[in-house]
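Structure data follow from work-v4.cif (mmCIF, C-alpha atoms):
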```
data_my_file
#
loop_
_atom_site.label_atom_id
_atom_site.label_comp_id
_atom_site.auth_asym_id
_atom_site.auth_seq_id
_atom_site.Cartn_x
_atom_site.Cartn_y
_atom_site.Cartn_z
CA MET A 18 -1.04 -1.64 23.52
CA GLY A 19 -4.01 -2.50 25.66
CA ASP A 20 -3.32 -5.99 26.97
CA ARG A 21 -6.97 -6.84 27.21
CA SER A 22 -8.07 -5.79 23.73
CA GLY A 23 -4.94 -5.64 21.60
CA VAL A 24 -5.82 -2.06 20.70
CA GLY A 25 -2.93 0.41 20.59
CA LEU A 26 -2.08 2.88 23.34
CA VAL A 27 -3.06 5.97 21.37
CA GLU A 28 -6.24 4.31 20.19
CA CYS A 29 -7.17 3.38 23.77
CA THR A 30 -6.45 6.92 24.94
CA ILE A 31 -8.74 8.30 22.25
CA LEU A 32 -11.51 5.95 23.36
CA GLU A 33 -10.97 6.99 26.98
CA ALA A 34 -11.12 10.65 25.99
CA LEU A 35 -14.34 10.12 24.08
CA ASP A 36 -15.89 8.32 27.01
CA SER A 37 -14.80 11.01 29.47
CA LEU A 38 -16.62 13.56 27.32
CA GLY A 39 -19.80 11.51 27.36
CA ALA A 40 -19.55 10.34 23.76
CA GLN A 41 -21.64 7.29 22.94
CA PRO A 42 -23.10 5.67 19.87
CA ARG A 43 -24.98 8.45 18.04
CA ARG A 44 -23.87 10.93 20.70
CA HIS A 45 -20.94 12.79 19.24
CA ARG A 46 -18.45 15.19 20.71
CA SER A 47 -16.15 17.75 19.10
CA SER A 48 -12.99 16.11 17.78
CA ALA A 49 -11.04 19.16 18.96
CA LYS A 50 -12.11 18.52 22.56
CA VAL A 51 -11.28 14.83 22.28
CA LEU A 52 -7.80 15.62 20.99
CA GLU A 53 -7.33 18.17 23.75
CA ARG A 54 -7.99 15.41 26.31
CA VAL A 55 -5.60 13.08 24.50
CA GLU A 56 -2.86 15.70 24.63
CA GLU A 57 -3.47 16.21 28.34
CA ARG A 58 -3.17 12.49 29.00
CA ILE A 59 -0.26 11.36 26.85
CA GLY A 60 1.14 14.59 25.42
CA LEU A 61 0.42 13.67 21.82
CA ALA A 62 -0.18 16.74 19.67
CA PRO A 63 -3.63 16.98 18.05
CA GLY A 64 -2.26 16.75 14.51
CA TYR A 65 -0.83 13.30 15.21
CA ALA A 66 -3.69 11.99 17.30
CA TYR A 67 -6.22 13.15 14.72
CA GLU A 68 -4.80 10.79 12.10
CA VAL A 69 -5.40 7.88 14.46
CA LEU A 70 -8.88 9.11 15.35
CA LEU A 71 -9.75 9.33 11.65
CA ASP A 72 -8.56 5.78 10.99
CA LEU A 73 -10.67 4.43 13.85
CA ALA A 74 -13.77 5.77 12.11
CA ARG A 75 -12.95 5.13 8.46
CA PRO A 76 -14.93 2.15 7.18
CA TRP A 77 -12.32 1.19 4.60
CA LYS A 78 -9.51 0.95 7.15
CA MET A 79 -10.48 -1.87 9.47
CA PRO A 80 -13.24 -4.44 9.94
CA LEU A 81 -14.20 -3.36 13.44
CA LEU A 82 -14.77 0.37 13.79
CA LEU A 83 -14.23 1.79 17.27
CA VAL A 84 -15.23 5.38 16.55
CA ASP A 85 -18.30 6.76 14.82
CA GLY A 86 -17.32 9.83 12.85
CA GLN A 87 -19.61 12.69 12.01
CA GLY A 88 -18.64 15.25 9.41
CA ASN A 89 -16.06 15.03 6.68
CA PHE A 90 -13.69 12.21 7.58
CA GLY A 91 -12.14 12.23 4.11
CA THR A 92 -12.37 9.75 1.29
CA ARG A 93 -10.29 6.87 0.04
CA GLY A 94 -9.17 9.16 -2.73
CA ASN A 95 -7.39 12.48 -2.60
CA ASP A 96 -10.00 14.34 -0.58
CA PRO A 97 -8.68 14.94 2.93
CA ALA A 98 -10.74 15.04 6.10
CA ALA A 99 -11.92 18.36 7.44
CA ASN A 100 -9.88 19.96 10.18
CA TYR A 101 -10.62 18.54 13.63
CA ARG A 102 -12.35 21.76 14.59
CA TYR A 103 -15.13 20.85 12.16
CA THR A 104 -15.70 17.14 12.85
CA GLU A 105 -17.26 15.19 15.68
CA ALA A 106 -16.75 11.69 16.99
CA GLY A 107 -18.66 9.18 19.08
CA LEU A 108 -17.93 5.72 20.43
CA THR A 109 -19.25 2.76 18.53
CA ARG A 110 -20.63 -0.21 20.43
CA ALA A 111 -17.36 -2.01 19.67
CA GLY A 112 -15.46 0.95 21.10
CA GLN A 113 -17.46 0.68 24.31
CA VAL A 114 -16.73 -3.05 24.50
CA VAL A 115 -13.00 -2.36 24.13
CA LEU A 116 -13.12 0.21 26.92
CA ALA A 117 -15.02 -2.16 29.19
CA ALA A 118 -12.43 -4.87 28.55
CA GLU A 119 -9.53 -2.51 29.18
CA ARG A 120 -11.07 -1.40 32.47
CA GLY A 121 -11.59 -4.97 33.61
CA GLU A 122 -15.37 -4.65 33.56
CA LEU A 123 -15.45 -7.31 30.87
CA ALA A 124 -13.11 -10.17 30.00
CA PRO A 125 -10.58 -9.48 27.22
CA VAL A 126 -11.70 -9.14 23.59
CA PRO A 127 -9.61 -9.97 20.50
CA VAL A 128 -10.02 -6.66 18.69
CA GLY A 129 -6.30 -6.35 17.89
CA LEU A 130 -6.38 -9.80 16.34
CA ILE A 131 -9.40 -8.87 14.23
CA ASN A 132 -8.25 -5.46 13.00
CA GLY A 133 -4.58 -6.27 12.58
CA ASN A 134 -2.25 -3.36 11.86
CA VAL A 135 -1.82 -3.36 8.10
CA TYR A 136 -3.86 -0.14 8.00
CA ARG A 137 -0.97 1.46 9.92
CA GLU A 138 1.64 -0.12 7.66
CA GLY A 139 2.16 -3.07 9.97
CA LEU A 140 2.29 -6.68 8.84
CA ARG A 141 -0.67 -8.24 10.65
CA PRO A 142 -3.68 -8.46 8.31
CA PRO A 143 -7.29 -8.00 9.37
CA PHE A 144 -9.67 -10.96 9.61
CA ARG A 145 -13.44 -11.34 9.55
CA PRO A 146 -14.61 -10.42 13.06
CA LEU A 147 -17.22 -13.16 13.38
CA ALA A 148 -14.77 -15.76 12.07
CA ILE A 149 -12.20 -14.90 14.75
CA ILE A 150 -14.91 -15.01 17.42
CA GLU A 151 -16.10 -18.40 16.17
CA ALA A 152 -12.56 -19.78 16.10
CA LEU A 153 -11.91 -18.63 19.67
CA ARG A 154 -15.14 -20.23 20.83
CA GLU A 155 -14.00 -23.43 19.16
CA VAL A 156 -10.74 -23.31 21.12
CA ILE A 157 -12.64 -22.67 24.36
CA GLN A 158 -14.97 -25.59 23.74
CA ARG A 159 -12.40 -27.94 22.20
CA PRO A 160 -8.91 -27.01 23.38
CA ARG A 161 -7.48 -29.79 21.23
CA ALA A 162 -9.18 -28.62 18.03
CA ALA A 163 -6.99 -29.28 15.01
CA GLY A 164 -5.00 -26.33 13.70
CA ASN A 165 -6.40 -26.81 10.20
CA ASP A 166 -9.95 -26.66 11.54
CA LEU A 167 -9.18 -23.31 13.19
CA ILE A 168 -7.54 -22.01 10.04
CA SER A 169 -10.55 -22.96 7.94
CA ILE A 170 -12.90 -21.25 10.40
CA VAL A 171 -10.91 -18.01 10.25
CA GLY A 172 -10.51 -18.08 6.48
CA PRO A 173 -8.38 -15.66 4.49
CA PRO A 174 -7.67 -12.10 5.61
CA CYS A 175 -10.55 -9.69 5.17
CA PHE A 176 -9.47 -6.50 3.44
CA LEU A 177 -12.97 -5.07 3.17
CA ASN A 178 -14.58 -3.55 0.10
CA GLY A 179 -15.02 -6.98 -1.47
CA CYS A 180 -11.67 -7.00 -3.26
CA THR A 181 -10.39 -10.42 -4.27
CA VAL A 182 -7.55 -11.63 -2.04
CA THR A 183 -5.16 -14.23 -3.37
CA GLY A 184 -1.82 -15.53 -2.14
CA ASP A 185 -0.20 -18.14 0.01
CA PHE A 186 -2.70 -18.29 2.88
CA ALA A 187 -1.06 -21.46 4.19
CA ALA A 188 2.21 -19.62 4.68
CA LEU A 189 0.45 -16.78 6.46
CA ALA A 190 -1.41 -19.19 8.76
CA ALA A 191 1.85 -20.96 9.49
CA GLY A 192 3.42 -17.72 10.65
CA ARG A 193 5.63 -17.18 7.61
CA PRO A 194 5.84 -13.83 5.81
CA THR A 195 4.13 -13.70 2.45
CA VAL A 196 2.71 -11.26 -0.07
CA LEU A 197 -1.00 -11.12 -0.82
CA ARG A 198 -2.53 -9.75 -3.97
CA LEU A 199 -5.62 -7.58 -3.60
CA GLU A 200 -7.51 -7.25 -6.83
CA ALA A 201 -10.32 -4.94 -7.87
CA ARG A 202 -13.22 -6.19 -9.92
CA VAL A 203 -13.14 -5.00 -13.49
CA ARG A 204 -16.12 -5.58 -15.72
CA VAL A 205 -16.57 -4.78 -19.38
CA SER A 206 -20.09 -4.89 -20.71
CA ASP A 207 -20.89 -7.42 -23.45
CA ASP A 208 -21.16 -4.68 -26.03
CA HIS A 209 -17.87 -3.20 -24.86
CA GLY A 210 -19.83 -0.06 -24.09
CA SER A 211 -18.57 0.45 -20.59
CA VAL A 212 -15.99 -0.65 -18.07
CA LEU A 213 -16.71 -0.59 -14.37
CA ILE A 214 -13.94 -0.89 -11.79
CA GLU A 215 -15.12 -1.53 -8.24
CA ASN A 216 -14.09 -3.31 -5.05
CA ILE A 217 -10.87 -1.34 -5.16
CA PRO A 218 -8.38 -2.62 -2.56
CA PRO A 219 -8.27 -0.55 0.64
CA ASN A 220 -4.61 0.31 0.20
CA ALA A 221 -5.25 1.79 -3.25
CA ASN A 222 -6.24 5.37 -3.84
CA PRO A 223 -9.16 5.37 -6.34
CA ASP A 224 -8.22 8.80 -7.63
CA GLU A 225 -4.67 7.69 -8.34
CA VAL A 226 -5.92 4.49 -9.94
CA ALA A 227 -8.20 6.53 -12.15
CA THR A 228 -5.44 8.91 -13.12
CA ALA A 229 -3.02 6.08 -13.89
CA LEU A 230 -5.51 4.17 -16.00
CA ALA A 231 -6.67 7.30 -17.75
CA GLU A 232 -3.09 7.96 -18.75
CA ARG A 233 -2.83 4.45 -20.15
CA ALA A 234 -6.08 4.94 -21.97
CA ARG A 235 -4.77 8.18 -23.44
CA ARG A 236 -1.72 6.34 -24.76
CA ARG A 237 -3.92 3.41 -25.91
CA VAL A 238 -1.78 1.09 -23.78
CA TRP A 239 -4.58 -0.43 -21.82
CA ALA A 240 -6.81 -1.13 -24.78
CA GLY A 241 -3.93 -2.68 -26.67
CA ASP A 242 -3.17 -5.02 -23.79
CA HIS A 243 -6.47 -6.80 -23.98
CA PRO A 244 -7.56 -8.83 -27.00
CA GLY A 245 -11.20 -8.06 -26.37
CA LEU A 246 -10.60 -4.35 -26.72
CA HIS A 247 -7.67 -4.22 -29.09
CA GLY A 248 -8.29 -2.26 -32.22
CA ARG A 249 -11.96 -1.87 -31.55
CA THR A 250 -12.33 0.85 -29.02
CA HIS A 251 -11.05 4.03 -27.58
CA LEU A 252 -11.14 4.55 -23.87
CA ARG A 253 -12.19 7.65 -22.14
CA ALA A 254 -11.91 7.93 -18.40
CA CYS A 255 -14.43 9.61 -16.19
CA GLY A 256 -14.78 9.48 -12.47
CA ARG A 257 -15.87 11.77 -9.71
CA GLY A 258 -15.78 14.65 -12.14
CA THR A 259 -12.04 15.08 -11.70
CA ILE A 260 -10.59 12.78 -14.33
CA PRO A 261 -9.38 14.61 -17.41
CA VAL A 262 -11.01 13.96 -20.75
CA PHE A 263 -8.55 12.50 -23.21
CA THR A 264 -10.20 11.50 -26.42
CA GLY A 265 -12.04 14.29 -28.09
CA ALA A 266 -14.00 12.05 -30.43
CA LEU A 267 -15.50 10.09 -27.60
CA THR A 268 -17.93 11.01 -24.91
CA CYS A 269 -19.21 9.43 -21.75
CA ARG A 270 -22.57 7.95 -21.06
CA SER A 271 -24.04 9.05 -17.80
CA GLY A 272 -25.88 5.74 -17.58
CA ILE A 273 -22.80 3.82 -16.53
CA PHE A 274 -22.27 5.85 -13.39
CA ALA A 275 -24.33 3.60 -11.24
CA THR A 276 -23.51 3.95 -7.58
CA SER A 277 -22.07 0.77 -6.18
CA PRO A 278 -24.35 -0.92 -3.67
CA ARG A 279 -21.39 -1.20 -1.36
CA ARG A 280 -21.25 1.62 1.09
CA HIS A 281 -18.17 3.81 0.87
CA GLU A 282 -17.13 2.17 -2.36
CA THR A 283 -16.30 4.64 -5.06
CA PRO A 284 -16.52 2.92 -8.42
CA ILE A 285 -14.31 4.19 -11.15
CA CYS A 286 -16.04 4.06 -14.49
CA TRP A 287 -14.65 3.94 -17.97
CA SER A 288 -16.74 4.47 -20.98
CA VAL A 289 -15.64 2.55 -24.03
CA PHE A 290 -16.98 3.45 -27.44
CA PRO A 291 -16.35 2.20 -30.94
CA ARG A 292 -14.15 4.48 -32.98
CA ALA A 293 -17.09 5.45 -35.16
CA GLY A 294 -19.50 5.81 -32.29
CA PRO A 295 -21.66 8.91 -32.19
CA PRO A 296 -20.96 11.64 -29.66
CA ARG A 297 -23.05 11.38 -26.51
CA SER A 298 -23.93 13.58 -23.62
CA SER A 299 -21.29 15.15 -21.45
CA CYS A 300 -19.42 13.44 -18.66
CA ALA A 301 -21.15 12.91 -15.33
CA SER A 302 -19.50 12.30 -12.01
CA SER A 303 -19.93 9.21 -9.91
CA SER A 304 -20.86 9.33 -6.27
CA MET B 6 -15.74 -10.42 -20.52
CA ASN B 7 -13.39 -10.20 -17.57
CA VAL B 8 -10.46 -7.83 -17.55
CA TYR B 9 -7.84 -8.16 -14.85
CA GLY B 10 -5.30 -5.61 -13.96
CA VAL B 11 -6.26 -3.31 -11.12
CA TYR B 12 -4.54 -4.73 -8.09
CA THR B 13 -2.15 -4.00 -5.28
CA THR B 14 0.03 -6.21 -3.15
CA VAL B 15 0.54 -6.17 0.59
CA ARG B 16 3.20 -7.84 2.72
CA VAL B 17 1.73 -9.72 5.64
CA ASP B 18 3.09 -11.80 8.49
CA LEU B 19 1.82 -13.11 11.79
CA PRO B 20 4.01 -13.22 14.88
CA ARG B 21 3.32 -16.95 15.19
CA PRO B 22 1.11 -19.55 13.49
CA LEU B 23 -2.55 -18.57 13.51
CA PRO B 24 -3.78 -21.61 15.52
CA ALA B 25 -1.10 -20.91 18.14
CA MET B 26 -2.16 -17.27 18.34
CA LEU B 27 -5.76 -18.29 18.97
CA ARG B 28 -4.81 -20.92 21.55
CA ASN B 29 -2.40 -18.59 23.32
CA TRP B 30 -5.01 -15.88 23.53
CA VAL B 31 -7.51 -18.23 25.17
CA LYS B 32 -4.84 -19.70 27.45
CA ALA B 33 -3.63 -16.27 28.56
CA HIS B 34 -7.12 -15.32 29.69
CA ALA B 35 -8.37 -18.73 30.76
CA ASP B 36 -9.41 -17.50 34.20
CA GLU B 37 -11.79 -14.90 32.77
CA ASP B 38 -15.28 -15.09 31.36
CA LEU B 39 -14.35 -15.08 27.69
CA VAL B 40 -17.70 -16.48 26.63
CA THR B 41 -19.42 -13.33 27.88
CA SER B 42 -16.91 -10.93 26.38
CA LEU B 43 -17.01 -12.69 23.01
CA ALA B 44 -20.81 -12.50 23.08
CA ALA B 45 -20.63 -8.75 23.79
CA LEU B 46 -18.18 -8.30 20.94
CA GLU B 47 -20.36 -10.35 18.60
CA ASP B 48 -23.34 -8.12 19.42
CA ALA B 49 -21.22 -5.07 18.61
CA VAL B 50 -20.09 -6.61 15.31
CA ARG B 51 -23.62 -7.48 14.29
CA GLY B 52 -24.74 -3.96 15.13
CA GLN B 53 -22.24 -2.44 12.71
CA PRO B 54 -23.39 -1.32 9.29
CA ASP B 55 -22.79 -4.03 6.71
CA ARG B 56 -19.71 -3.28 4.63
CA SER B 57 -19.28 -6.66 2.99
#
```
Represent the structure from my file as structure tokens, please.
Amino acid sequence: MGDRSGVGLVECTILEALDSLGAQPRRHRSSAKVLERVEERIGLAPGYAYEVLLDLARPWKMPLLLVDGQGNFGTRGNDPAANYRYTEAGLTRAGQVVLAAERGELAPVPVGLINGNVYREGLRPPFRPLAIIEALREVIQRPRAAGNDLISIVGPPCFLNGCTVTGDFAALAAGRPTVLRLEARVRVSDDHGSVLIENIPPNANPDEVATALAERARRRVWAGDHPGLHGRTHLRACGRGTIPVFTGALTCRSGIFATSPRRHETPICWSVFPRAGPPRSSCASSS
Amino acid sequence: MNVYGVYTTVRVDLPRPLPAMLRNWVKAHADEDLVTSLAALEDAVRGQPDRS
């Protein structure tokens, strides 16, 4: 790990390789060439290094992106990234700051503290970047600042995508292991005409969520679980054009497939119709 | 009407209490110009596309 940024060894090597190829913000270089440099430097095969490179550029993985990806870097669902021969990568401004810190051109930066390592199945959660910066400034200005003040400045972990995070934050802040719950936002319209699931947690695969819920809808389990829906509706799942259609008597309304305003968020939409509802137009896919 | 049910859980842990981590980080680099590096990092953060 880079002592001066908290960024991992492979990550730092990728940033170095990008820089050596002249990559900058909005100035991309072939991922294949970057990975070739990485292999030369630390002997890591491209297939392994590419996974790390992808994560550094995926907006749903970490709060502070170090790489700017161009091309198909995959989705949060089942769609994989394109092969590294067909993608390009550049350094973000944050990536340049990390490199400058690692080279001693700039004082250390707390990027490891901000990004954590949960995205790589570690235990350290990510935090809001500006909150960590503010808390560190508070320590610099007031070395005797109360621990609770620092904790309140940092706030709860930031898992991106706007999912609701609940759990024992006090235990986490005290350095004790705990389990956090990351919850998507589920809305049912007042007329029970549609269900919109968004702000899906970053460690959940939207396609798998859609498939699992669609299966419950097919078996009427989900509807039966909720008093507001019980006995009044069928569910039919649609999403990204890949979710199977389950209930022949019901059809989807294209109107509910509003794109979420949140970038990179793929809402999963359910259309809910009364049993006697008239057939509608065919299923549309969400973006 | 709110419906709850789409969630995941994640195990988390910090190597030491959060305030101690922050203090240790500042202490470990006390002889460097952290104010400048934090300002540079803040600029980079603010220049990122909003994903909130």
Ground truth for the PyMOL selection byres ((chain A and resi 70-76) around 8), written as JSON, numbers by chain | {"A": [28, 31, 66, 67, 68, 69, 77, 78, 79, 80, 82, 83, 84, 85, 86, 90, 281], "B": [56]}
Per residue of region 138-212 of chain A within 9 Å of region 218-223 of chain A, what are the shortest atom pair and its distance in Å to one decimal, counting all atoms listed in the file, with rows by chain and residue number, as CSV?
```
residue,atom,partner,partner_atom,distance
A:Phe176,CA,A:Pro219,CA,6.7
A:Leu177,CA,A:Pro219,CA,7.0
A:Asn178,CA,A:Pro218,CA,6.8
A:Gly179,CA,A:Pro218,CA,8.0
A:Cys180,CA,A:Pro218,CA,5.5
A:Thr181,CA,A:Pro218,CA,8.2
A:Leu199,CA,A:Pro218,CA,5.8
A:Glu200,CA,A:Pro218,CA,6.4
A:Ala201,CA,A:Pro218,CA,6.1
```
What is the CA of Ala124 (chain A)-CA of Ser42 (chain B) distance in Å, reported with one decimal?
->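 Result for CA of Ala124 (chain A) versus CA of Ser42 (chain B): 5.3 Å, one decimal.
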Dump as JSON lines the rows for residues of chain B within 6 Å of chain A: closest atom pair and distance in Å with one decimal, only C-alpha atoms counted, ordered by chain and rising residue number.
```
{"residue": "B:Met6", "atom": "CA", "partner": "A:Val205", "partner_atom": "CA", "distance": 5.8}
{"residue": "B:Asn7", "atom": "CA", "partner": "A:Arg204", "partner_atom": "CA", "distance": 5.7}
{"residue": "B:Val8", "atom": "CA", "partner": "A:Val203", "partner_atom": "CA", "distance": 5.6}
{"residue": "B:Val11", "atom": "CA", "partner": "A:Ala201", "partner_atom": "CA", "distance": 5.5}
{"residue": "B:Tyr12", "atom": "CA", "partner": "A:Glu200", "partner_atom": "CA", "distance": 4.1}
{"residue": "B:Thr13", "atom": "CA", "partner": "A:Leu199", "partner_atom": "CA", "distance": 5.3}
{"residue": "B:Thr14", "atom": "CA", "partner": "A:Arg198", "partner_atom": "CA", "distance": 4.4}
{"residue": "B:Val15", "atom": "CA", "partner": "A:Leu197", "partner_atom": "CA", "distance": 5.4}
{"residue": "B:Arg16", "atom": "CA", "partner": "A:Val196", "partner_atom": "CA", "distance": 4.4}
{"residue": "B:Val17", "atom": "CA", "partner": "A:Leu140", "partner_atom": "CA", "distance": 4.4}
{"residue": "B:Asp18", "atom": "CA", "partner": "A:Pro194", "partner_atom": "CA", "distance": 4.3}
{"residue": "B:Leu19", "atom": "CA", "partner": "A:Gly192", "partner_atom": "CA", "distance": 5.0}
{"residue": "B:Arg21", "atom": "CA", "partner": "A:Gly192", "partner_atom": "CA", "distance": 4.6}
{"residue": "B:Pro22", "atom": "CA", "partner": "A:Gly192", "partner_atom": "CA", "distance": 4.1}
{"residue": "B:Leu23", "atom": "CA", "partner": "A:Ala190", "partner_atom": "CA", "distance": 4.9}
{"residue": "B:Pro24", "atom": "CA", "partner": "A:Gly164", "partner_atom": "CA", "distance": 5.2}
{"residue": "B:Glu37", "atom": "CA", "partner": "A:Ala124", "partner_atom": "CA", "distance": 5.6}
{"residue": "B:Asp38", "atom": "CA", "partner": "A:Ala124", "partner_atom": "CA", "distance": 5.5}
{"residue": "B:Leu39", "atom": "CA", "partner": "A:Ala124", "partner_atom": "CA", "distance": 5.6}
{"residue": "B:Ser42", "atom": "CA", "partner": "A:Ala124", "partner_atom": "CA", "distance": 5.3}
{"residue": "B:Ala49", "atom": "CA", "partner": "A:Ala111", "partner_atom": "CA", "distance": 5.0}
```
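Across the model, the gap from CA of Tyr101 (chain A) to CA of Ser48 (chain A) is 5.4 Å.
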Which value, in Å to one decimal, gives the distance between CA of Leu108 (chain A) and CA of Asp96 (chain A)?
->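 The value is 24.1 Å.
Comparing the minimum interatomic distances between Arg120 (chain A) and each of A:Ser22, A:Ser169, A:Asn132, A:Gln41, counting all atoms listed in the file, we find that A:Ser22 sits nearest.
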